[in-house]
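Take a look at the structure set out below.
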Amino acid sequence: MSQLKIAVAARKGGVGKTTLTVALASIFAHRGKRVLVIDCDPQSNAAFALGANATAPGTAELLLGEKPEPLGTDAEGLQVLPGGPRLEDRQVSRLDSLDLSHAIKMFPHDVILFDCPPGNDHLERFAVRAANAGLAVVDGHPLAVLGARRVMDDIETDRAKGYTTPERMALVMCRLDQRRAMDRDLSQTLERSFPGLPRFGVRQDSKLALATATGTPLMKLPASQRGPATEDIGTVADWIGKGEA
Amino acid sequence: MSKSKRDPFERVEPTAADLTAQQQQTRERNAHDRGEDALLPLAGVKPREQNTRPLNAEHLVSLAESIAALGLIEPLTVDSHARLLAGGHRFAALQLLRETDAAKREAIFREFIGGEVKISRTIIERVHALYTNEQGEPFNPFEKHFPGGMVPVHRMPFDAEQDAARALAVEIAENEKRKDYTPTEVRGFYDRLRASGYTDREGRPRTGDRSARALLATVIGKSRRTVARLLENEDGEEDGGDSDNRSNTRQNAEYWNKRLTTTVERWRRAVEASHGKTPIQGIARLRQLAVEITRLLNADE
């Protein structure tokens, strides 16, 4: 069985990258996979959202040739490598974009999810070039579609140069609320901007936010406390899982 | 106790404090690191205010010639406000090289070495000749090596006005520090000088000569004798009889012994600093060996 490596990127901030990443991680762990979340964000939110120590050695140390231990979480089989300010170290900025893909070879996990930072295309690139699938996350705002466009354009540029790029990409529309006009139109808008690219919708769900706020892996919530987004993200996980064969 | 019963905001303050501390460390490291590879416009580098001591005429013109031939090998050292901390001679030589007009160049030169001092005509001729290549054609060494007037600087992350003691420490350290060039590097400089028309004659240089060896001595901050030794080391076999060869070999061995000692010591310190996280198998054994190698290298026979 091949390792699934998924980059979750958006370029824009606040669209739900981290929430989606840690929810997916929890779902895969719940399905019996060994899962590692690699946080590429200097804000180091992914470990926090999984209830782990956000300031422990993590992705920056890995990139700089050290051997940080992935941190455990409340969910069996789910580990996280924290991000942190050290990702902004100049030593990191000098690294080759393929260095993360080499460094993660030491991890035996079935699924590796990369949580990309907003804004910083250099750190995003480490993840995208290490991944075999990618999710571009948007919400119902033109700025989010602009961010996704830039993520996709960078991948397209790499592909044109003959670099390895994720084999599969999909768009994930997060925090969807049918009461908002731009959210209702989002799917059509994306079909025009990215014709043929798979699209998934994740409904606005305050339970999801509560899970990350309390540092609880989503599937550790009792089923009665999980909202509609759990089902939506499960569909995304199904699509990712197809790459296993 | 279920986590969901906890106050979701209680982790915010401690996490933020730790992240802010890490960010501060990273900023400081980066500020320090930025010094390595900066270019600044020469016009933007501010000279030291208190240091107006006259410069040595022979040294200044030699330095200008070496920069004209090879570029600036050691960058100027400046503070966070681009004030010169170390490299007064190099800075003056660059000012000279920037002036295209020979008469104005001479005036600048006289100002740097102090108006009262009498200067030989040969030296003045050399100042004039800075804009002439070996074929006697005019050329602009400043434009060639520093396009757009940008010169390499090493930037130190502090303000010399706020921290005069540190500024002085840098100046002294910089003056004591001379890079130990390897014989191969010295040979490389020498070849470039010869290629651009510098001569290599036995004995004292004649008037009008541009001696490659004399210039090299200025560039690397060593005596003519050291330059000769380094050049011999590089092509030891060509240079004559058995005794010479043996002494060359010995000098080479001494040189490499020194390099090896330093390298092993640096390696050992780097390993200590990484708290055993070095990704090498058998690191403990290697560390023992490092200590042993250092001991043997330093032992008298």
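Scheme for the structure tokens: letters A, B, ... for chains in order shown; per-chain residue numbers from 1; ligand numbers from 1 in order shown.
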
Inset, instruction - Could you tell me, as a PyMOL selection string, which residues of segment 57-193 of chain A DSSP assigns to helix (DSSP H, G or I) when given the backbone? - result: chain A and resi 59-63+85-88+90-93+99-106+121-130+142-160+181-193

Write the residues of the preceding selection, restricted to C-alpha atoms, as a PDB file, in the first residue's frame.
ATOM      1  CA  THR A  59       8.840  20.763  11.054  1.00  0.00           C
ATOM      2  CA  ALA A  60      11.589  23.418  11.121  1.00  0.00           C
ATOM      3  CA  GLU A  61      13.890  21.079  13.030  1.00  0.00           C
ATOM      4  CA  LEU A  62      13.075  18.267  10.601  1.00  0.00           C
ATOM      5  CA  LEU A  63      13.953  20.506   7.646  1.00  0.00           C
ATOM      6  CA  PRO A  85       8.418  30.573  14.229  1.00  0.00           C
ATOM      7  CA  ARG A  86      11.621  28.705  13.454  1.00  0.00           C
ATOM      8  CA  LEU A  87      10.141  28.015  10.004  1.00  0.00           C
ATOM      9  CA  GLU A  88      10.982  31.657   9.303  1.00  0.00           C
ATOM     10  CA  ARG A  90      16.890  32.115   7.148  1.00  0.00           C
ATOM     11  CA  GLN A  91      18.434  28.665   7.104  1.00  0.00           C
ATOM     12  CA  VAL A  92      15.012  27.300   6.189  1.00  0.00           C
ATOM     13  CA  SER A  93      14.560  29.917   3.483  1.00  0.00           C
ATOM     14  CA  ASP A  99      14.076  18.936   1.077  1.00  0.00           C
ATOM     15  CA  LEU A 100      10.862  18.165   2.964  1.00  0.00           C
ATOM     16  CA  SER A 101      10.020  15.342   0.571  1.00  0.00           C
ATOM     17  CA  HIS A 102      13.409  13.772   1.367  1.00  0.00           C
ATOM     18  CA  ALA A 103      13.151  14.399   5.117  1.00  0.00           C
ATOM     19  CA  ILE A 104       9.775  12.654   5.555  1.00  0.00           C
ATOM     20  CA  LYS A 105      11.088   9.349   4.253  1.00  0.00           C
ATOM     21  CA  MET A 106      11.822   8.418   7.870  1.00  0.00           C
ATOM     22  CA  ASP A 121       4.614  30.342  -0.893  1.00  0.00           C
ATOM     23  CA  HIS A 122       8.116  29.130   0.012  1.00  0.00           C
ATOM     24  CA  LEU A 123       6.873  27.002   2.920  1.00  0.00           C
ATOM     25  CA  GLU A 124       3.791  25.925   0.951  1.00  0.00           C
ATOM     26  CA  ARG A 125       6.085  24.661  -1.772  1.00  0.00           C
ATOM     27  CA  PHE A 126       7.896  22.277   0.589  1.00  0.00           C
ATOM     28  CA  ALA A 127       4.533  20.596   1.212  1.00  0.00           C
ATOM     29  CA  VAL A 128       3.233  20.668  -2.339  1.00  0.00           C
ATOM     30  CA  ARG A 129       6.423  19.142  -3.697  1.00  0.00           C
ATOM     31  CA  ALA A 130       6.342  16.389  -1.056  1.00  0.00           C
ATOM     32  CA  PRO A 142     -13.198  36.239  -4.289  1.00  0.00           C
ATOM     33  CA  LEU A 143     -10.025  36.608  -2.235  1.00  0.00           C
ATOM     34  CA  ALA A 144     -10.126  32.898  -1.432  1.00  0.00           C
ATOM     35  CA  VAL A 145     -10.604  31.996  -5.107  1.00  0.00           C
ATOM     36  CA  LEU A 146      -7.683  34.301  -5.887  1.00  0.00           C
ATOM     37  CA  GLY A 147      -5.553  32.397  -3.352  1.00  0.00           C
ATOM     38  CA  ALA A 148      -6.563  29.020  -4.814  1.00  0.00           C
ATOM     39  CA  ARG A 149      -5.765  30.317  -8.294  1.00  0.00           C
ATOM     40  CA  ARG A 150      -2.261  31.202  -7.183  1.00  0.00           C
ATOM     41  CA  VAL A 151      -1.748  27.785  -5.582  1.00  0.00           C
ATOM     42  CA  MET A 152      -2.873  26.084  -8.797  1.00  0.00           C
ATOM     43  CA  ASP A 153      -0.834  28.403 -11.017  1.00  0.00           C
ATOM     44  CA  ASP A 154       2.346  27.612  -9.092  1.00  0.00           C
ATOM     45  CA  ILE A 155       1.704  23.892  -9.470  1.00  0.00           C
ATOM     46  CA  GLU A 156       1.031  24.388 -13.177  1.00  0.00           C
ATOM     47  CA  THR A 157       4.300  26.302 -13.577  1.00  0.00           C
ATOM     48  CA  ASP A 158       6.187  23.481 -11.859  1.00  0.00           C
ATOM     49  CA  ARG A 159       4.492  20.901 -14.047  1.00  0.00           C
ATOM     50  CA  ALA A 160       5.434  22.839 -17.181  1.00  0.00           C
ATOM     51  CA  ALA A 181     -25.273  34.495  -1.875  1.00  0.00           C
ATOM     52  CA  MET A 182     -21.561  34.113  -2.640  1.00  0.00           C
ATOM     53  CA  ASP A 183     -21.538  30.678  -0.979  1.00  0.00           C
ATOM     54  CA  ARG A 184     -24.524  29.558  -3.071  1.00  0.00           C
ATOM     55  CA  ASP A 185     -22.742  30.591  -6.278  1.00  0.00           C
ATOM     56  CA  LEU A 186     -19.298  29.308  -5.269  1.00  0.00           C
ATOM     57  CA  SER A 187     -19.497  25.908  -6.936  1.00  0.00           C
ATOM     58  CA  GLN A 188     -20.440  27.428 -10.310  1.00  0.00           C
ATOM     59  CA  THR A 189     -17.761  30.081  -9.967  1.00  0.00           C
ATOM     60  CA  LEU A 190     -15.146  27.407  -9.362  1.00  0.00           C
ATOM     61  CA  GLU A 191     -16.313  25.355 -12.337  1.00  0.00           C
ATOM     62  CA  ARG A 192     -15.668  28.417 -14.508  1.00  0.00           C
ATOM     63  CA  SER A 193     -12.268  29.110 -12.937  1.00  0.00           C
TER      64      SER A 193
END

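Within 8 Å of chain B, and using only C-alpha atoms, the residues found on chain A are Gln43, Ala54, Thr55, Gly65, Glu66, Lys67, Gly84, Pro85, Arg86, Glu88, Asp89, Arg90, Leu210, Ala211, Ala213, Thr214, Gly215 and Thr216 of chain A.
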
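For the set B:Glu58, B:Lys258, B:Pro47, B:Val264, the residue with the smallest atom-to-atom gap to Arg121 of chain B is B:Glu58, counting only C-alpha atoms.
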
Legend entry - Nearest to Thr19 of chain A, chosen from A:Leu81, A:Leu71, A:Leu197, A:Ala209, with only C-alpha atoms counted in the distances: A:Ala209

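Residues with any atom within 10 Å of Gln225 of chain A, counting only C-alpha atoms and excluding same-chain neighbours fewer than 5 positions away, are Lys207, Leu208, Leu210, Ala211, Leu218, Met219 and Lys220 of chain A.
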
Given the selection you just returned, output its residues as a file containing all heavy atoms, formatted as a CSV table (one decimal), in the first residue's frame.
chain,number,residue,atom,x,y,z
A,207,LYS,N,-19.4,22.8,15.6
A,207,LYS,CA,-18.9,21.7,16.3
A,207,LYS,C,-17.4,21.5,15.9
A,207,LYS,O,-16.6,21.1,16.7
A,207,LYS,CB,-19.7,20.4,16.1
A,207,LYS,CG,-21.2,20.6,16.3
A,207,LYS,CD,-21.4,20.3,17.8
A,207,LYS,CE,-22.9,20.5,18.2
A,207,LYS,NZ,-23.9,20.0,17.3
A,208,LEU,N,-17.2,21.7,14.7
A,208,LEU,CA,-15.8,21.6,14.1
A,208,LEU,C,-14.9,22.6,14.8
A,208,LEU,O,-13.8,22.2,15.3
A,208,LEU,CB,-15.9,21.9,12.6
A,208,LEU,CG,-14.9,21.1,11.7
A,208,LEU,CD1,-15.0,19.6,11.9
A,208,LEU,CD2,-15.3,21.5,10.3
A,210,LEU,N,-15.4,23.9,17.7
A,210,LEU,CA,-15.2,23.6,19.1
A,210,LEU,C,-14.2,22.5,19.3
A,210,LEU,O,-13.4,22.5,20.3
A,210,LEU,CB,-16.6,23.1,19.7
A,210,LEU,CG,-16.6,23.0,21.2
A,210,LEU,CD1,-16.4,24.4,21.8
A,210,LEU,CD2,-18.0,22.4,21.6
A,211,ALA,N,-14.1,21.5,18.4
A,211,ALA,CA,-13.2,20.4,18.5
A,211,ALA,C,-11.7,21.0,18.5
A,211,ALA,O,-10.9,20.7,19.3
A,211,ALA,CB,-13.4,19.4,17.4
A,218,LEU,N,-11.4,15.3,16.1
A,218,LEU,CA,-12.9,15.3,15.8
A,218,LEU,C,-13.6,14.0,16.1
A,218,LEU,O,-14.7,14.1,16.8
A,218,LEU,CB,-13.0,15.6,14.3
A,218,LEU,CG,-14.5,15.6,13.7
A,218,LEU,CD1,-15.3,16.7,14.3
A,218,LEU,CD2,-14.4,15.8,12.2
A,219,MET,N,-13.0,12.9,15.8
A,219,MET,CA,-13.7,11.6,16.0
A,219,MET,C,-13.7,11.2,17.4
A,219,MET,O,-14.3,10.2,17.8
A,219,MET,CB,-13.1,10.5,15.1
A,219,MET,CG,-13.2,10.9,13.6
A,219,MET,SD,-14.8,11.3,13.0
A,219,MET,CE,-15.6,9.7,12.8
A,220,LYS,N,-13.0,11.9,18.3
A,220,LYS,CA,-13.1,11.6,19.7
A,220,LYS,C,-14.3,12.3,20.4
A,220,LYS,O,-14.6,12.0,21.5
A,220,LYS,CB,-11.8,12.1,20.5
A,220,LYS,CG,-10.5,11.5,20.0
A,220,LYS,CD,-10.5,10.0,20.2
A,220,LYS,CE,-10.2,9.5,21.6
A,220,LYS,NZ,-10.1,8.0,21.6

Inset, instruction - Grab the atom CA of Glu231 of chain A to atom CA of Arg203 of chain A distance for me, in Å with one decimal place. - result: 9.4 Å

Pick out the residues sitting within 12 Å of Ala160 of chain B, and hand them over as a PDB file with C-alpha atoms, in the first residue's frame; count only C-alpha atoms, and ignore anything fewer than 5 positions along from it in its own chain.
ATOM      1  CA  LYS B  46      29.241  56.402   6.194  1.00  0.00           C
ATOM      2  CA  PRO B  47      32.872  56.808   7.235  1.00  0.00           C
ATOM      3  CA  ARG B  48      33.921  56.627  10.869  1.00  0.00           C
ATOM      4  CA  GLU B  49      33.729  60.086  12.372  1.00  0.00           C
ATOM      5  CA  GLN B  50      36.439  59.990  15.010  1.00  0.00           C
ATOM      6  CA  THR B  77      32.253  45.759   7.885  1.00  0.00           C
ATOM      7  CA  VAL B  78      29.420  48.158   8.728  1.00  0.00           C
ATOM      8  CA  ASP B  79      26.871  48.563  11.538  1.00  0.00           C
ATOM      9  CA  SER B  80      23.077  48.463  11.175  1.00  0.00           C
ATOM     10  CA  HIS B  81      23.120  52.074   9.913  1.00  0.00           C
ATOM     11  CA  ALA B  82      25.815  51.399   7.291  1.00  0.00           C
ATOM     12  CA  ARG B  83      28.490  53.150   9.365  1.00  0.00           C
ATOM     13  CA  LEU B  84      31.954  51.824   8.677  1.00  0.00           C
ATOM     14  CA  LEU B  85      33.239  49.668  11.533  1.00  0.00           C
ATOM     15  CA  ALA B  86      36.321  48.156   9.964  1.00  0.00           C
ATOM     16  CA  ARG B 155      26.658  43.980   8.273  1.00  0.00           C
ATOM     17  CA  ALA B 165      32.568  49.556  22.902  1.00  0.00           C
ATOM     18  CA  ARG B 166      31.280  46.877  20.561  1.00  0.00           C
ATOM     19  CA  ALA B 167      32.204  48.987  17.538  1.00  0.00           C
ATOM     20  CA  LEU B 168      35.755  49.234  18.838  1.00  0.00           C
ATOM     21  CA  ALA B 169      35.861  45.496  19.542  1.00  0.00           C
ATOM     22  CA  VAL B 170      34.822  44.778  15.958  1.00  0.00           C
ATOM     23  CA  GLU B 171      37.463  47.147  14.603  1.00  0.00           C
TER      24      GLU B 171
END

Legend entry - Test item, strand (DSSP E) assignment across segment 6-248 of chain B, answer as a ChimeraX atom specification: /B:38-41,76-78,84-86,150-155

Would you kindly return, as a compact mmCIF listing (two decimals) with C-alpha atoms, in the first residue's frame, each protein, DNA or RNA residue with an atom no farther than 8 Å from any atom of Ala212 of chain B, considering only C-alpha atoms and excluding same-chain residues fewer than 6 positions away?
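Output below, filename around-v3.txt:
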# COMPACT_ATOMS: atom_id res chain seq x y z
CA TYR B 190 48.35 34.92 -8.65
CA LEU B 193 47.06 38.83 -11.68
CA ARG B 194 49.47 37.35 -14.21
CA TYR B 198 51.16 41.69 -13.63
CA THR B 199 54.80 40.62 -13.80
CA ASP B 200 56.87 38.17 -11.79

Legend entry - Asp191 of chain B environment, 12 Å, only C-alpha atoms, sequence neighbours closer than 5 positions dropped, as an NGL selection string: :B and (69-70 or 184-186 or 196-200 or 212-213 or 216 or 231 or 234)

Keeping N, CA and C atoms for every residue in the selection just given, could you write it to a file as an mmCIF file, in the first residue's frame?
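Produced file selection-v7.cif, reproduced below:
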data_model
loop_
_atom_site.group_PDB
_atom_site.id
_atom_site.type_symbol
_atom_site.label_atom_id
_atom_site.label_comp_id
_atom_site.auth_asym_id
_atom_site.auth_seq_id
_atom_site.Cartn_x
_atom_site.Cartn_y
_atom_site.Cartn_z
ATOM 1 N N ALA B 69 42.400 44.955 -9.718
ATOM 2 C CA ALA B 69 42.711 43.713 -10.426
ATOM 3 C C ALA B 69 41.780 42.572 -10.028
ATOM 4 N N LEU B 70 41.437 42.470 -8.753
ATOM 5 C CA LEU B 70 40.742 41.273 -8.250
ATOM 6 C C LEU B 70 39.359 41.539 -7.671
ATOM 7 N N THR B 184 46.300 26.893 -2.770
ATOM 8 C CA THR B 184 45.540 26.862 -4.022
ATOM 9 C C THR B 184 44.838 28.198 -4.277
ATOM 10 N N GLU B 185 44.265 28.788 -3.207
ATOM 11 C CA GLU B 185 43.599 30.079 -3.366
ATOM 12 C C GLU B 185 44.605 31.155 -3.780
ATOM 13 N N VAL B 186 45.772 31.128 -3.119
ATOM 14 C CA VAL B 186 46.795 32.119 -3.424
ATOM 15 C C VAL B 186 47.241 31.972 -4.882
ATOM 16 N N SER B 196 46.164 39.332 -15.999
ATOM 17 C CA SER B 196 45.828 40.733 -16.310
ATOM 18 C C SER B 196 47.083 41.600 -16.399
ATOM 19 N N GLY B 197 48.257 40.969 -16.639
ATOM 20 C CA GLY B 197 49.447 41.716 -17.017
ATOM 21 C C GLY B 197 50.432 42.009 -15.902
ATOM 22 N N TYR B 198 50.186 41.477 -14.692
ATOM 23 C CA TYR B 198 51.161 41.693 -13.626
ATOM 24 C C TYR B 198 52.383 40.811 -13.867
ATOM 25 N N THR B 199 53.565 41.327 -13.492
ATOM 26 C CA THR B 199 54.803 40.619 -13.800
ATOM 27 C C THR B 199 55.289 39.822 -12.599
ATOM 28 N N ASP B 200 56.225 38.899 -12.866
ATOM 29 C CA ASP B 200 56.871 38.166 -11.789
ATOM 30 C C ASP B 200 58.359 38.122 -12.103
ATOM 31 N N ALA B 212 53.171 41.023 -9.377
ATOM 32 C CA ALA B 212 52.082 40.171 -8.900
ATOM 33 C C ALA B 212 52.298 39.773 -7.437
ATOM 34 N N ARG B 213 53.558 39.451 -7.095
ATOM 35 C CA ARG B 213 53.833 38.982 -5.733
ATOM 36 C C ARG B 213 53.661 40.091 -4.700
ATOM 37 N N LEU B 216 49.993 40.568 -4.217
ATOM 38 C CA LEU B 216 49.428 39.442 -3.455
ATOM 39 C C LEU B 216 49.684 39.609 -1.962
ATOM 40 N N LEU B 231 53.219 30.037 -2.849
ATOM 41 C CA LEU B 231 53.251 29.726 -4.283
ATOM 42 C C LEU B 231 54.102 28.491 -4.555
ATOM 43 N N GLU B 234 52.274 25.268 -3.799
ATOM 44 C CA GLU B 234 51.243 24.898 -4.758
ATOM 45 C C GLU B 234 51.820 24.103 -5.927
#

Legend entry - Selection near Thr235 of chain A, 12 Å with only C-alpha atoms, sequence-local residues under 3 positions removed, as a list in words: Ala23, Leu24, Ile27, Phe28, Val172, Pro198, Arg199, Phe200, Gly201, Val202, Pro228, Ala229, Thr230, Glu231, Asp232, Asp238, Trp239, Ile240, Gly241 and Lys242 of chain A

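Separating atom CA of Leu289 of chain B from atom CA of His275 of chain B is a distance of 18.0 Å.
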
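Atom CA of Arg266 of chain B lies 19.6 Å from atom CA of Ala253 of chain B.
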
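Using only C-alpha atoms, the shortest contact distance between Phe107 of chain A and any of A:Met169, A:Ala29, A:Ala237, A:Leu4 is found at A:Leu4.
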